[in-house]
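Asker: Below is entry.cif; it holds mmCIF, C-alpha atoms.
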```cif
data_final
#
loop_
_atom_site.group_PDB
_atom_site.id
_atom_site.type_symbol
_atom_site.label_atom_id
_atom_site.label_comp_id
_atom_site.auth_asym_id
_atom_site.auth_seq_id
_atom_site.Cartn_x
_atom_site.Cartn_y
_atom_site.Cartn_z
ATOM 1 C CA LYS D 1 3.161 -9.500 -9.189
ATOM 2 C CA SER D 2 5.228 -6.505 -8.071
ATOM 3 C CA THR D 3 6.123 -5.980 -11.739
ATOM 4 C CA MET D 4 2.418 -5.438 -12.432
ATOM 5 C CA PHE D 5 2.416 -2.525 -9.979
ATOM 6 C CA LYS D 6 5.476 -1.094 -11.695
ATOM 7 C CA LEU D 7 3.641 -1.327 -15.023
ATOM 8 C CA ILE D 8 0.585 0.410 -13.534
ATOM 9 C CA GLU D 9 2.767 3.231 -12.197
ATOM 10 C CA GLN D 10 4.613 3.413 -15.542
ATOM 11 C CA LEU D 11 7.960 2.609 -13.964
ATOM 12 C CA TYR D 12 8.233 -0.058 -16.686
ATOM 13 C CA GLU D 13 6.971 0.001 -20.267
ATOM 14 C CA PRO D 14 5.241 -3.201 -21.407
ATOM 15 C CA THR D 15 7.268 -5.178 -23.947
ATOM 16 C CA ALA D 16 4.027 -6.353 -25.559
ATOM 17 C CA GLY D 17 0.414 -5.276 -25.330
ATOM 18 C CA SER D 18 -0.663 -2.266 -23.289
ATOM 19 C CA VAL D 19 -1.938 -1.216 -19.874
ATOM 20 C CA ARG D 20 -5.361 0.386 -20.257
ATOM 21 C CA PHE D 21 -7.555 2.491 -18.002
ATOM 22 C CA GLY D 22 -11.005 1.894 -19.391
ATOM 23 C CA ASP D 23 -10.490 2.173 -23.132
ATOM 24 C CA GLU D 24 -7.411 4.406 -22.936
ATOM 25 C CA ASP D 25 -3.760 3.394 -23.016
ATOM 26 C CA ILE D 26 -2.208 4.864 -19.863
ATOM 27 C CA ARG D 27 0.756 6.107 -21.908
ATOM 28 C CA GLY D 28 -1.598 8.817 -23.141
ATOM 29 C CA TYR D 29 -1.638 10.407 -19.679
ATOM 30 C CA GLN D 30 0.970 12.907 -18.500
ATOM 31 C CA LEU D 31 3.222 10.841 -16.223
ATOM 32 C CA GLU D 32 3.178 13.245 -13.266
ATOM 33 C CA ASP D 33 -0.615 13.601 -13.426
ATOM 34 C CA TRP D 34 -1.064 9.826 -13.710
ATOM 35 C CA ARG D 35 1.066 9.036 -10.659
ATOM 36 C CA LYS D 36 -0.797 11.566 -8.518
ATOM 37 C CA HIS D 37 -3.797 9.226 -8.632
ATOM 38 C CA PHE D 38 -1.913 6.512 -6.698
ATOM 39 C CA ALA D 39 -0.691 5.907 -3.168
ATOM 40 C CA TYR D 40 1.644 2.947 -2.670
ATOM 41 C CA VAL D 41 2.639 0.905 0.387
ATOM 42 C CA SER D 42 5.047 -1.980 -0.137
ATOM 43 C CA GLN D 43 6.213 -4.913 1.948
ATOM 44 C CA LYS D 44 9.105 -2.818 3.222
ATOM 45 C CA SER D 45 8.261 0.785 2.512
ATOM 46 C CA PRO D 46 11.572 2.538 3.116
ATOM 47 C CA LEU D 47 11.968 5.432 5.500
ATOM 48 C CA ILE D 48 14.287 8.097 4.161
ATOM 49 C CA GLY D 49 16.941 9.945 6.145
ATOM 50 C CA GLY D 50 15.343 12.763 8.111
ATOM 51 C CA THR D 51 12.566 13.338 10.592
ATOM 52 C CA VAL D 52 9.222 11.609 11.020
ATOM 53 C CA ARG D 53 7.535 14.750 9.640
ATOM 54 C CA GLU D 54 9.782 14.733 6.562
ATOM 55 C CA ASN D 55 9.012 11.060 5.977
ATOM 56 C CA MET D 56 5.273 11.582 6.269
ATOM 57 C CA THR D 57 5.285 14.548 3.871
ATOM 58 C CA TYR D 58 7.861 13.178 1.413
ATOM 59 C CA GLY D 59 6.918 13.740 -2.218
ATOM 60 C CA LEU D 60 4.112 16.208 -1.516
ATOM 61 C CA ASP D 61 4.050 19.483 -3.422
ATOM 62 C CA ARG D 62 1.989 21.311 -0.810
ATOM 63 C CA GLU D 63 2.249 22.468 2.780
ATOM 64 C CA VAL D 64 0.843 20.133 5.444
ATOM 65 C CA SER D 65 -0.541 21.669 8.628
ATOM 66 C CA ASN D 66 0.127 20.152 12.041
ATOM 67 C CA GLU D 67 -3.580 19.403 12.307
ATOM 68 C CA GLU D 68 -3.528 17.354 9.077
ATOM 69 C CA LEU D 69 -0.252 15.672 10.047
ATOM 70 C CA TYR D 70 -1.557 14.633 13.454
ATOM 71 C CA ALA D 71 -4.861 13.387 12.012
ATOM 72 C CA ALA D 72 -3.014 11.143 9.526
ATOM 73 C CA ALA D 73 -0.705 9.933 12.299
ATOM 74 C CA LYS D 74 -3.653 8.973 14.496
ATOM 75 C CA GLN D 75 -5.452 7.146 11.681
ATOM 76 C CA SER D 76 -2.280 5.260 10.788
ATOM 77 C CA ASN D 77 -1.600 4.239 14.411
ATOM 78 C CA CYS D 78 1.716 6.084 14.636
ATOM 79 C CA TYR D 79 0.755 9.161 16.673
ATOM 80 C CA ASP D 80 1.235 7.588 20.121
ATOM 81 C CA PHE D 81 4.640 6.004 19.537
ATOM 82 C CA VAL D 82 5.963 9.082 17.726
ATOM 83 C CA MET D 83 4.874 11.362 20.575
ATOM 84 C CA LYS D 84 6.778 9.146 23.035
ATOM 85 C CA LYS D 85 10.019 10.056 21.269
ATOM 86 C CA PRO D 86 11.935 13.017 22.777
ATOM 87 C CA ASN D 87 11.452 15.163 19.661
ATOM 88 C CA GLY D 88 8.037 13.912 18.556
ATOM 89 C CA PHE D 89 7.511 14.474 14.841
ATOM 90 C CA GLU D 90 10.928 16.127 14.587
ATOM 91 C CA GLU D 91 12.606 12.887 15.726
ATOM 92 C CA ASP D 92 15.175 11.545 13.260
ATOM 93 C CA VAL D 93 14.132 8.132 11.967
ATOM 94 C CA GLY D 94 17.733 6.897 11.830
ATOM 95 C CA LEU D 95 19.519 5.020 9.083
ATOM 96 C CA ASP D 96 16.882 3.033 7.138
ATOM 97 C CA GLY D 97 14.374 3.832 9.895
ATOM 98 C CA SER D 98 16.501 2.151 12.582
ATOM 99 C CA ASN D 99 14.966 4.241 15.399
ATOM 100 C CA PHE D 100 11.620 2.517 14.796
ATOM 101 C CA SER D 101 10.461 -1.097 14.587
ATOM 102 C CA GLY D 102 9.347 -2.625 11.291
ATOM 103 C CA GLY D 103 5.679 -2.252 12.196
ATOM 104 C CA GLN D 104 6.173 1.353 13.304
ATOM 105 C CA GLY D 105 7.972 2.146 10.041
ATOM 106 C CA GLN D 106 5.060 0.653 8.077
ATOM 107 C CA CYS D 107 2.600 2.829 10.000
ATOM 108 C CA ILE D 108 4.654 5.930 9.164
ATOM 109 C CA SER D 109 4.617 4.848 5.499
ATOM 110 C CA ILE D 110 0.845 4.408 5.676
ATOM 111 C CA ALA D 111 0.559 7.928 7.103
ATOM 112 C CA ARG D 112 2.578 9.144 4.100
ATOM 113 C CA ALA D 113 0.139 7.385 1.760
ATOM 114 C CA MET D 114 -2.797 8.969 3.601
ATOM 115 C CA LEU D 115 -1.372 12.454 3.158
ATOM 116 C CA ARG D 116 -0.642 11.743 -0.492
ATOM 117 C CA GLY D 117 -4.305 10.965 -1.108
ATOM 118 C CA GLY D 118 -5.180 9.722 -4.580
ATOM 119 C CA ASP D 119 -8.088 7.628 -5.731
ATOM 120 C CA TYR D 120 -6.208 4.341 -6.048
ATOM 121 C CA LEU D 121 -4.182 2.453 -3.488
ATOM 122 C CA LEU D 122 -1.523 -0.138 -4.298
ATOM 123 C CA LEU D 123 -0.642 -2.487 -1.417
ATOM 124 C CA ASP D 124 2.264 -4.847 -2.046
ATOM 125 C CA GLU D 125 2.252 -7.376 0.827
ATOM 126 C CA ALA D 126 2.199 -4.494 3.297
ATOM 127 C CA THR D 127 1.785 -6.770 6.338
ATOM 128 C CA SER D 128 4.378 -9.414 5.421
ATOM 129 C CA ASN D 129 7.235 -10.286 7.777
ATOM 130 C CA LEU D 130 5.684 -8.553 10.790
ATOM 131 C CA ASP D 131 5.108 -10.066 14.221
ATOM 132 C CA VAL D 132 1.513 -10.621 15.319
ATOM 133 C CA VAL D 133 1.228 -7.382 17.321
ATOM 134 C CA SER D 134 2.776 -5.270 14.550
ATOM 135 C CA GLU D 135 0.620 -6.941 11.900
ATOM 136 C CA ALA D 136 -2.534 -6.098 13.866
ATOM 137 C CA MET D 137 -1.404 -2.469 14.234
ATOM 138 C CA VAL D 138 -0.561 -2.142 10.531
ATOM 139 C CA THR D 139 -3.745 -3.936 9.411
ATOM 140 C CA GLU D 140 -5.890 -1.517 11.420
ATOM 141 C CA ALA D 141 -4.004 1.429 9.898
ATOM 142 C CA MET D 142 -4.526 -0.012 6.396
ATOM 143 C CA ASP D 143 -8.248 -0.364 7.024
ATOM 144 C CA HIS D 144 -8.382 3.420 7.564
ATOM 145 C CA LEU D 145 -6.206 4.006 4.502
ATOM 146 C CA MET D 146 -8.453 1.901 2.237
ATOM 147 C CA GLU D 147 -11.631 3.810 3.098
ATOM 148 C CA ASN D 148 -13.227 5.296 -0.048
ATOM 149 C CA LYS D 149 -10.374 4.110 -2.284
ATOM 150 C CA THR D 150 -10.126 1.523 -5.016
ATOM 151 C CA THR D 151 -7.457 -0.833 -3.662
ATOM 152 C CA ILE D 152 -5.295 -3.256 -5.595
ATOM 153 C CA MET D 153 -3.554 -5.607 -3.175
ATOM 154 C CA ILE D 154 -0.833 -8.197 -3.603
ATOM 155 C CA ALA D 155 -1.167 -10.799 -0.855
ATOM 156 C CA HIS D 156 0.128 -14.243 -0.011
ATOM 157 C CA ASN D 157 -2.267 -14.949 2.840
ATOM 158 C CA TYR D 158 -5.937 -15.826 2.698
ATOM 159 C CA ALA D 159 -6.981 -13.450 5.478
ATOM 160 C CA ALA D 160 -5.926 -10.454 3.370
ATOM 161 C CA THR D 161 -8.056 -11.589 0.409
ATOM 162 C CA LYS D 162 -11.263 -12.901 1.960
ATOM 163 C CA ASN D 163 -12.999 -9.495 1.937
ATOM 164 C CA ALA D 164 -11.926 -8.578 -1.597
ATOM 165 C CA ASP D 165 -14.536 -7.792 -4.235
ATOM 166 C CA TYR D 166 -12.532 -9.549 -6.943
ATOM 167 C CA ILE D 167 -9.405 -11.712 -6.902
ATOM 168 C CA ILE D 168 -6.924 -12.623 -9.616
ATOM 169 C CA VAL D 169 -4.953 -15.758 -8.747
ATOM 170 C CA MET D 170 -1.492 -15.834 -10.337
ATOM 171 C CA LYS D 171 0.743 -18.888 -10.538
ATOM 172 C CA ASP D 172 4.137 -19.072 -12.220
ATOM 173 C CA GLY D 173 3.601 -15.676 -13.865
ATOM 174 C CA THR D 174 0.255 -16.451 -15.458
ATOM 175 C CA VAL D 175 -3.368 -15.882 -14.449
ATOM 176 C CA GLU D 176 -4.627 -19.104 -12.876
ATOM 177 C CA ALA D 177 -8.169 -17.930 -12.111
ATOM 178 C CA ALA D 178 -10.263 -14.861 -11.350
ATOM 179 C CA GLY D 179 -13.481 -14.204 -9.473
ATOM 180 C CA THR D 180 -14.960 -13.431 -6.073
ATOM 181 C CA PRO D 181 -13.568 -15.230 -3.003
ATOM 182 C CA GLU D 182 -16.708 -17.394 -2.894
ATOM 183 C CA GLU D 183 -16.402 -18.348 -6.576
ATOM 184 C CA LEU D 184 -12.723 -19.232 -6.228
ATOM 185 C CA LEU D 185 -13.305 -21.310 -3.094
ATOM 186 C CA ALA D 186 -15.895 -23.280 -5.057
ATOM 187 C CA THR D 187 -13.958 -23.684 -8.304
ATOM 188 C CA ASN D 188 -10.204 -23.164 -7.937
ATOM 189 C CA GLU D 189 -8.025 -25.800 -6.314
ATOM 190 C CA TYR D 190 -5.056 -23.452 -5.972
ATOM 191 C CA TYR D 191 -7.126 -20.887 -4.031
ATOM 192 C CA GLN D 192 -8.632 -23.679 -1.905
ATOM 193 C CA MET D 193 -5.089 -24.769 -0.982
ATOM 194 C CA PHE D 194 -4.291 -21.120 -0.257
ATOM 195 C CA ARG D 195 -7.072 -21.051 2.343
ATOM 196 C CA LYS D 196 -6.020 -24.366 3.897
ATOM 197 C CA SER D 197 -2.497 -23.037 4.386
ATOM 198 C CA LEU D 198 -3.747 -20.801 7.232
#
```
Take the structure in the file and write it out as structure tokens.

Answerer:
Amino acid sequence: KSTMFKLIEQLYEPTAGSVRFGDEDIRGYQLEDWRKHFAYVSQKSPLIGGTVRENMTYGLDREVSNEELYAAAKQSNCYDFVMKKPNGFEEDVGLDGSNFSGGQGQCISIARAMLRGGDYLLLDEATSNLDVVSEAMVTEAMDHLMENKTTIMIAHNYAATKNADYIIVMKDGTVEAAGTPEELLATNEYYQMFRKSL
């Protein structure tokens, strides 16, 4: 499933067939222009060496005002815990983000995705392996991030899929079924088992 995201972002070339946006092969787009349309949050979005501010603005080719930075931090639920640090947004995140918990690091990554913008959001199990409190904090931040965006989400829990407009169920690398949550609950045994696993 993560390979599909890599194909969408053109990190991989398909060995057969093509990835199409509407009727167009995405290889026809300029790579830099294509990737600007996407924001990505993974299961363990890495924090890079440097400050919180540098992590939030990483990869941007524009200046970010304090006002915009703080607004993104508040929407992504990281403003309060960052401001409790001695240096605020100039606090060093530590090696691999060691100065912050896993949930806090995810919220900083979500803030980065918010500042990046883009029309399409790719979420790769962004709430996996978090404790209950952290998962709630990250889920709330993701709800803000998903506003007014087309979101493609990889998930292994039913709760993350129940509000989706359309679901593709994959099993052993192939498409098992596709449809709305209601359709899949009525017709697909694998998705029914997925719900019962809660």

Asker: What's the 12 Å shell around D:Trp34, counting only C-alpha atoms, without same-chain residues fewer than 4 positions away, as a PyMOL selection string?

Answerer: chain D and resi 8-11+21+25-30+38-39+118-120

Asker: Could you list, as a PDB file with C-alpha atoms, in the coordinates of the input, every residue within 8 Å of D:Asn157, counting only C-alpha atoms and ignoring same-chain residues fewer than 2 positions away?

Answerer:
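The result, written out as result_22.pdb:
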```pdb
ATOM      1  CA  ALA D 155      -1.167 -10.799  -0.855  1.00  0.00           C
ATOM      2  CA  ALA D 159      -6.981 -13.450   5.478  1.00  0.00           C
ATOM      3  CA  ALA D 160      -5.926 -10.454   3.370  1.00  0.00           C
ATOM      4  CA  THR D 161      -8.056 -11.589   0.409  1.00  0.00           C
ATOM      5  CA  PHE D 194      -4.291 -21.120  -0.257  1.00  0.00           C
ATOM      6  CA  ARG D 195      -7.072 -21.051   2.343  1.00  0.00           C
ATOM      7  CA  LEU D 198      -3.747 -20.801   7.232  1.00  0.00           C
TER       8      LEU D 198
END
```

Asker: Which residues of stretch 89-124 of chain D come within 8 Å of stretch 65-75 of chain D, and for each one, what is the closest pair of atoms and their distance in Å to one decimal, counting only C-alpha atoms, sorted by chain and residue number, as JSON lines?

Answerer:
```
{"residue": "D:Ile108", "atom": "CA", "partner": "D:Ala73", "partner_atom": "CA", "distance": 7.4}
{"residue": "D:Ala111", "atom": "CA", "partner": "D:Ala72", "partner_atom": "CA", "distance": 5.4}
{"residue": "D:Met114", "atom": "CA", "partner": "D:Ala72", "partner_atom": "CA", "distance": 6.3}
{"residue": "D:Leu115", "atom": "CA", "partner": "D:Ala72", "partner_atom": "CA", "distance": 6.7}
```

Asker: May I ask for the distance between atom CA of D:Thr150 and atom CA of D:Ile168, given in Å to one decimal place?

Answerer: 15.2 Å

Asker: Translate the PyMOL selection byres ((chain D and resi 44-57) around 9), as applied to the file shown, into an explicit residue set as a PyMOL selection string.

Answerer: chain D and resi 40-43+58-64+69+72-73+82+88-97+102+105-106+108-116+124-129
